[in-house]
>>> print(open('run07.cif').read())   # mmCIF, C-alpha atoms and all ligand atoms
data_final
#
loop_
_atom_site.label_atom_id
_atom_site.label_comp_id
_atom_site.auth_asym_id
_atom_site.auth_seq_id
_atom_site.Cartn_x
_atom_site.Cartn_y
_atom_site.Cartn_z
CA MET A 1303 76.52 108.78 148.31
CA VAL A 1304 80.18 108.05 147.99
CA SER A 1305 81.28 105.66 145.27
CA THR A 1306 83.30 102.75 146.56
CA ALA A 1307 84.40 101.66 143.10
CA ASN A 1308 88.11 101.72 142.46
CA PRO A 1309 88.70 104.64 140.08
CA ALA A 1310 91.50 102.68 138.41
CA VAL A 1311 89.05 100.08 137.09
CA GLU A 1312 85.99 102.25 136.41
CA LYS A 1313 84.49 101.67 132.99
CA ARG A 1314 85.44 104.30 130.43
CA SER A 1315 83.26 105.30 127.51
CA MET A 1316 84.89 104.60 124.14
CA ALA A 1317 82.65 107.13 122.39
CA LEU A 1318 83.60 109.81 124.92
CA GLY A 1319 87.31 109.07 124.60
CA MET A 1320 87.15 109.05 120.81
CA ARG A 1321 85.15 112.30 120.73
CA ARG A 1322 87.64 114.03 123.03
CA GLY A 1323 90.60 112.67 121.06
CA MET A 1324 89.09 113.75 117.74
CA ALA A 1325 88.82 117.28 119.19
CA PHE A 1326 92.58 117.10 120.02
CA HIS A 1327 91.86 117.06 123.74
CA CYS A 1328 93.01 114.70 126.45
CA PRO A 1329 90.62 111.70 126.45
CA ASN A 1330 90.78 111.54 130.25
CA CYS A 1331 89.78 115.10 131.17
CA SER A 1332 89.18 116.95 127.87
CA GLN A 1333 90.96 119.98 129.32
CA GLY A 1334 94.54 119.49 128.17
CA LYS A 1335 95.81 119.36 124.62
CA LEU A 1336 96.47 115.93 123.15
CA TYR A 1337 99.29 116.95 120.81
CA ARG A 1338 102.54 118.78 121.45
CA LYS A 1339 103.28 119.01 117.72
CA TYR A 1340 101.34 117.92 114.62
CA LEU A 1341 101.12 114.24 115.60
CA LYS A 1342 103.27 114.11 118.76
CA VAL A 1343 101.06 112.94 121.62
CA GLN A 1344 101.91 114.53 124.95
CA ASP A 1345 101.04 113.72 128.52
CA CYS A 1346 98.12 115.86 129.66
CA PRO A 1347 99.26 119.16 131.20
CA ALA A 1348 95.89 119.49 132.97
CA CYS A 1349 95.32 116.10 134.63
CA GLY A 1350 98.69 114.41 134.14
CA ASN A 1351 97.28 111.41 132.26
CA GLU A 1352 100.04 109.67 130.32
CA ASN A 1353 98.49 109.90 126.86
CA SER A 1354 101.75 108.91 125.22
CA ARG A 1355 101.42 105.41 126.69
CA TYR A 1356 98.62 104.47 124.30
CA PRO A 1357 100.26 102.71 121.34
CA ALA A 1358 98.32 103.95 118.31
CA ASP A 1359 101.03 102.52 116.00
CA ASP A 1360 99.79 101.95 112.42
CA ALA A 1361 96.06 102.23 113.07
CA PRO A 1362 95.73 105.98 112.35
CA PRO A 1363 97.44 105.82 108.92
CA TYR A 1364 95.44 102.70 108.05
CA PHE A 1365 92.07 104.27 108.87
CA THR A 1366 93.10 107.57 107.27
CA ILE A 1367 93.97 105.80 104.01
CA LEU A 1368 90.64 103.97 104.21
CA ILE A 1369 88.65 107.20 104.69
CA VAL A 1370 90.56 109.36 102.21
CA GLY A 1371 90.59 106.57 99.65
CA HIS A 1372 86.82 106.38 99.77
CA LEU A 1373 86.45 110.17 99.59
CA VAL A 1374 88.77 110.64 96.61
CA VAL A 1375 88.95 107.37 94.69
CA ALA A 1376 85.23 106.54 94.79
CA PRO A 1377 84.24 109.69 92.86
CA LEU A 1378 86.97 108.90 90.33
CA LEU A 1379 85.41 105.50 89.72
CA PHE A 1380 81.79 106.63 89.53
CA LEU A 1381 82.07 109.90 87.64
CA ARG A 1382 82.92 108.89 84.09
CA TRP A 1383 83.36 112.46 82.86
CA ILE A 1384 86.49 112.74 84.99
CA TRP A 1385 88.22 110.21 82.74
CA GLN A 1386 87.52 112.31 79.67
CA ALA A 1387 89.24 115.33 81.23
CA PRO A 1388 92.92 115.97 80.48
CA THR A 1389 95.19 113.72 82.52
CA ALA A 1390 97.22 116.63 83.85
CA LEU A 1391 94.03 118.22 85.17
CA VAL A 1392 92.85 115.04 86.91
CA VAL A 1393 96.27 114.29 88.42
CA GLY A 1394 96.81 117.96 89.26
CA THR A 1395 93.60 118.11 91.29
CA THR A 1396 93.54 114.58 92.71
CA LEU A 1397 97.03 114.52 94.21
CA PRO A 1398 96.68 117.80 96.13
CA ALA A 1399 93.24 116.66 97.34
CA LEU A 1400 94.76 113.40 98.58
CA LEU A 1401 97.57 115.30 100.32
CA VAL A 1402 95.33 117.86 102.00
CA LEU A 1403 92.69 115.35 103.10
CA THR A 1404 95.35 113.01 104.48
CA LEU A 1405 97.00 115.79 106.48
CA VAL A 1406 93.62 116.94 107.81
CA PHE A 1407 92.26 113.51 108.71
CA LEU A 1408 95.41 111.96 110.19
CA PRO A 1409 95.47 113.87 113.53
CA VAL A 1410 91.69 113.50 113.88
CA VAL A 1411 91.88 109.75 113.34
CA LYS A 1412 94.91 109.43 115.62
CA GLY A 1413 93.01 111.30 118.34
CA ALA A 1414 90.11 108.87 117.94
CA VAL A 1415 92.47 105.89 118.19
CA VAL A 1416 94.17 107.30 121.29
CA GLY A 1417 90.73 107.96 122.81
CA ALA A 1418 89.63 104.41 122.05
CA LEU A 1419 92.81 103.00 123.58
CA TRP A 1420 92.28 105.20 126.63
CA SER A 1421 88.85 103.63 127.11
CA LEU A 1422 90.27 100.11 126.75
CA ARG A 1423 93.03 100.76 129.30
CA PRO A 1424 96.44 99.31 128.64
CA ARG A 1425 97.24 96.37 130.88
CA ASP A 1426 99.96 98.21 132.79
CA GLU A 1427 97.53 101.00 133.67
CA VAL A 1428 95.04 98.59 135.27
CA GLU A 1429 97.76 96.80 137.24
CA GLU A 1430 99.12 99.96 138.84
CA PRO A 1431 98.33 100.34 142.55
ZN ZN B 1501 93.83 115.31 130.87
#
>>> encode(input="run07.cif", output="structure tokens", more="lines below")
Ligand SMILES: [Zn+2]
Amino acid sequence: MVSTANPAVEKRSMALGMRRGMAFHCPNCSQGKLYRKYLKVQDCPACGNENSRYPADDAPPYFTILIVGHLVVAPLLFLRWIWQAPTALVVGTTLPALLVLTLVFLPVVKGAVVGALWSLRPRDEVEEP
């Protein structure tokens, strides 16, 4: 049976797009790479989907700060023995942890945001012939 639905308006799965984006793959086909550089989104070399049209803007840093803040700051608040340790030790371990976790989570979160935006379709994508 041949589908008569217009492929331009077919429903896209947000979970699928986010999963593909989090794996640094094109949310449309999962074959091409999502990034050209560390955080530079590129158009898909496999299917040609214009991934750079999805405006992630400030959402990835916001969600990254939210996640990393909970992973690093929450233990600092709940584990009292940390506050009895020398300040240089706490600062010397916390700041590198914040840096590394931020750099690790940021492209993953940005991929998820791009995947979510792919599933929502920007208005100009739906209106194309
Ligand atoms: Zn693709």
>>> atom_distance(input="run07.cif", atom1="CA of Tyr1356 in chain A", atom2="CA of Leu1373 in chain A")
28.1 Å
>>> closest_residue(input="run07.cif", among="A:Val1402, A:Leu1408, A:Ala1387, A:Leu1422", to="Pro1363 in chain A", atoms="only C-alpha atoms")
A:Leu1408
>>> closest_residue(input="run07.cif", among="A:Pro1362, A:Glu1312, A:Gly1417, A:Thr1396", to="ligand ZN 1501 (chain B)", atoms="all atoms listed in the file")
A:Gly1417
>>> residues_near_point(input="run07.cif", point="(85.5, 101.7, 130.4)", cutoff="10 Å", atoms="all atoms listed in the file", output="NGL selection string")
:A and (1311-1316 or 1318-1319 or 1418 or 1420-1423)
>>> closest_residue(input="run07.cif", among="A:Arg1321, A:Glu1352, A:Arg1382, A:Lys1342", to="ligand ZN 1501 (chain B)", atoms="only C-alpha atoms and all ligand atoms")
A:Glu1352
>>> build_atoms(input="run07.cif", residues="range 1317-1342 of chain A", atoms="N, CA, C and O atoms", output="PDB file, keeping the file's coordinate frame")
ATOM      1  N   ALA A1317      83.146 106.011 123.199  1.00  0.00           N
ATOM      2  CA  ALA A1317      82.650 107.130 122.390  1.00  0.00           C
ATOM      3  C   ALA A1317      83.140 108.455 122.960  1.00  0.00           C
ATOM      4  O   ALA A1317      83.548 109.357 122.208  1.00  0.00           O
ATOM      5  N   LEU A1318      83.122 108.579 124.273  1.00  0.00           N
ATOM      6  CA  LEU A1318      83.600 109.810 124.920  1.00  0.00           C
ATOM      7  C   LEU A1318      85.089 110.013 124.655  1.00  0.00           C
ATOM      8  O   LEU A1318      85.517 111.112 124.287  1.00  0.00           O
ATOM      9  N   GLY A1319      85.867 108.960 124.839  1.00  0.00           N
ATOM     10  CA  GLY A1319      87.310 109.070 124.600  1.00  0.00           C
ATOM     11  C   GLY A1319      87.619 109.410 123.162  1.00  0.00           C
ATOM     12  O   GLY A1319      88.484 110.249 122.885  1.00  0.00           O
ATOM     13  N   MET A1320      86.903 108.778 122.224  1.00  0.00           N
ATOM     14  CA  MET A1320      87.150 109.050 120.810  1.00  0.00           C
ATOM     15  C   MET A1320      86.738 110.483 120.453  1.00  0.00           C
ATOM     16  O   MET A1320      87.426 111.166 119.705  1.00  0.00           O
ATOM     17  N   ARG A1321      85.618 110.931 121.002  1.00  0.00           N
ATOM     18  CA  ARG A1321      85.150 112.300 120.730  1.00  0.00           C
ATOM     19  C   ARG A1321      86.163 113.322 121.259  1.00  0.00           C
ATOM     20  O   ARG A1321      86.499 114.286 120.570  1.00  0.00           O
ATOM     21  N   ARG A1322      86.650 113.112 122.460  1.00  0.00           N
ATOM     22  CA  ARG A1322      87.640 114.030 123.030  1.00  0.00           C
ATOM     23  C   ARG A1322      88.941 113.992 122.236  1.00  0.00           C
ATOM     24  O   ARG A1322      89.552 115.019 121.973  1.00  0.00           O
ATOM     25  N   GLY A1323      89.368 112.794 121.839  1.00  0.00           N
ATOM     26  CA  GLY A1323      90.600 112.670 121.060  1.00  0.00           C
ATOM     27  C   GLY A1323      90.475 113.311 119.690  1.00  0.00           C
ATOM     28  O   GLY A1323      91.404 113.946 119.203  1.00  0.00           O
ATOM     29  N   MET A1324      89.307 113.148 119.055  1.00  0.00           N
ATOM     30  CA  MET A1324      89.090 113.750 117.740  1.00  0.00           C
ATOM     31  C   MET A1324      89.097 115.277 117.813  1.00  0.00           C
ATOM     32  O   MET A1324      89.358 115.951 116.820  1.00  0.00           O
ATOM     33  N   ALA A1325      88.786 115.828 118.986  1.00  0.00           N
ATOM     34  CA  ALA A1325      88.820 117.280 119.190  1.00  0.00           C
ATOM     35  C   ALA A1325      90.207 117.729 119.648  1.00  0.00           C
ATOM     36  O   ALA A1325      90.375 118.883 120.042  1.00  0.00           O
ATOM     37  N   PHE A1326      91.194 116.824 119.621  1.00  0.00           N
ATOM     38  CA  PHE A1326      92.580 117.100 120.020  1.00  0.00           C
ATOM     39  C   PHE A1326      92.699 117.422 121.500  1.00  0.00           C
ATOM     40  O   PHE A1326      93.584 118.161 121.915  1.00  0.00           O
ATOM     41  N   HIS A1327      91.793 116.861 122.301  1.00  0.00           N
ATOM     42  CA  HIS A1327      91.860 117.060 123.740  1.00  0.00           C
ATOM     43  C   HIS A1327      92.209 115.758 124.429  1.00  0.00           C
ATOM     44  O   HIS A1327      92.009 114.668 123.886  1.00  0.00           O
ATOM     45  N   CYS A1328      92.690 115.867 125.641  1.00  0.00           N
ATOM     46  CA  CYS A1328      93.010 114.700 126.450  1.00  0.00           C
ATOM     47  C   CYS A1328      91.748 113.843 126.612  1.00  0.00           C
ATOM     48  O   CYS A1328      90.700 114.360 127.010  1.00  0.00           O
ATOM     49  N   PRO A1329      91.817 112.537 126.308  1.00  0.00           N
ATOM     50  CA  PRO A1329      90.620 111.700 126.450  1.00  0.00           C
ATOM     51  C   PRO A1329      90.196 111.504 127.902  1.00  0.00           C
ATOM     52  O   PRO A1329      89.040 111.178 128.168  1.00  0.00           O
ATOM     53  N   ASN A1330      91.088 111.748 128.835  1.00  0.00           N
ATOM     54  CA  ASN A1330      90.780 111.540 130.250  1.00  0.00           C
ATOM     55  C   ASN A1330      90.010 112.704 130.860  1.00  0.00           C
ATOM     56  O   ASN A1330      89.060 112.500 131.599  1.00  0.00           O
ATOM     57  N   CYS A1331      90.403 113.948 130.524  1.00  0.00           N
ATOM     58  CA  CYS A1331      89.780 115.100 131.170  1.00  0.00           C
ATOM     59  C   CYS A1331      89.188 116.107 130.182  1.00  0.00           C
ATOM     60  O   CYS A1331      88.401 116.959 130.579  1.00  0.00           O
ATOM     61  N   SER A1332      89.595 116.045 128.951  1.00  0.00           N
ATOM     62  CA  SER A1332      89.180 116.950 127.870  1.00  0.00           C
ATOM     63  C   SER A1332      89.618 118.397 128.095  1.00  0.00           C
ATOM     64  O   SER A1332      89.180 119.281 127.379  1.00  0.00           O
ATOM     65  N   GLN A1333      90.476 118.620 129.060  1.00  0.00           N
ATOM     66  CA  GLN A1333      90.960 119.980 129.320  1.00  0.00           C
ATOM     67  C   GLN A1333      92.298 120.240 128.637  1.00  0.00           C
ATOM     68  O   GLN A1333      92.479 121.296 128.040  1.00  0.00           O
ATOM     69  N   GLY A1334      93.214 119.299 128.744  1.00  0.00           N
ATOM     70  CA  GLY A1334      94.540 119.490 128.170  1.00  0.00           C
ATOM     71  C   GLY A1334      94.593 119.152 126.702  1.00  0.00           C
ATOM     72  O   GLY A1334      93.724 118.462 126.166  1.00  0.00           O
ATOM     73  N   LYS A1335      95.626 119.661 126.034  1.00  0.00           N
ATOM     74  CA  LYS A1335      95.810 119.360 124.620  1.00  0.00           C
ATOM     75  C   LYS A1335      96.407 117.966 124.462  1.00  0.00           C
ATOM     76  O   LYS A1335      97.244 117.544 125.258  1.00  0.00           O
ATOM     77  N   LEU A1336      95.980 117.278 123.402  1.00  0.00           N
ATOM     78  CA  LEU A1336      96.470 115.930 123.150  1.00  0.00           C
ATOM     79  C   LEU A1336      97.828 115.947 122.479  1.00  0.00           C
ATOM     80  O   LEU A1336      98.672 115.108 122.753  1.00  0.00           O
ATOM     81  N   TYR A1337      98.060 116.920 121.591  1.00  0.00           N
ATOM     82  CA  TYR A1337      99.290 116.950 120.810  1.00  0.00           C
ATOM     83  C   TYR A1337     100.212 118.087 121.236  1.00  0.00           C
ATOM     84  O   TYR A1337      99.767 119.188 121.507  1.00  0.00           O
ATOM     85  N   ARG A1338     101.513 117.758 121.223  1.00  0.00           N
ATOM     86  CA  ARG A1338     102.540 118.780 121.450  1.00  0.00           C
ATOM     87  C   ARG A1338     102.923 119.403 120.121  1.00  0.00           C
ATOM     88  O   ARG A1338     103.150 120.588 120.027  1.00  0.00           O
ATOM     89  N   LYS A1339     103.020 118.568 119.092  1.00  0.00           N
ATOM     90  CA  LYS A1339     103.280 119.010 117.720  1.00  0.00           C
ATOM     91  C   LYS A1339     102.177 118.426 116.858  1.00  0.00           C
ATOM     92  O   LYS A1339     101.167 117.962 117.374  1.00  0.00           O
ATOM     93  N   TYR A1340     102.382 118.383 115.551  1.00  0.00           N
ATOM     94  CA  TYR A1340     101.340 117.920 114.620  1.00  0.00           C
ATOM     95  C   TYR A1340     100.757 116.567 115.029  1.00  0.00           C
ATOM     96  O   TYR A1340      99.544 116.429 115.134  1.00  0.00           O
ATOM     97  N   LEU A1341     101.607 115.567 115.224  1.00  0.00           N
ATOM     98  CA  LEU A1341     101.120 114.240 115.600  1.00  0.00           C
ATOM     99  C   LEU A1341     101.802 113.704 116.862  1.00  0.00           C
ATOM    100  O   LEU A1341     101.677 112.523 117.183  1.00  0.00           O
ATOM    101  N   LYS A1342     102.540 114.548 117.569  1.00  0.00           N
ATOM    102  CA  LYS A1342     103.270 114.110 118.760  1.00  0.00           C
ATOM    103  C   LYS A1342     102.349 114.183 119.972  1.00  0.00           C
ATOM    104  O   LYS A1342     102.003 115.267 120.446  1.00  0.00           O
TER     105      LYS A1342
END
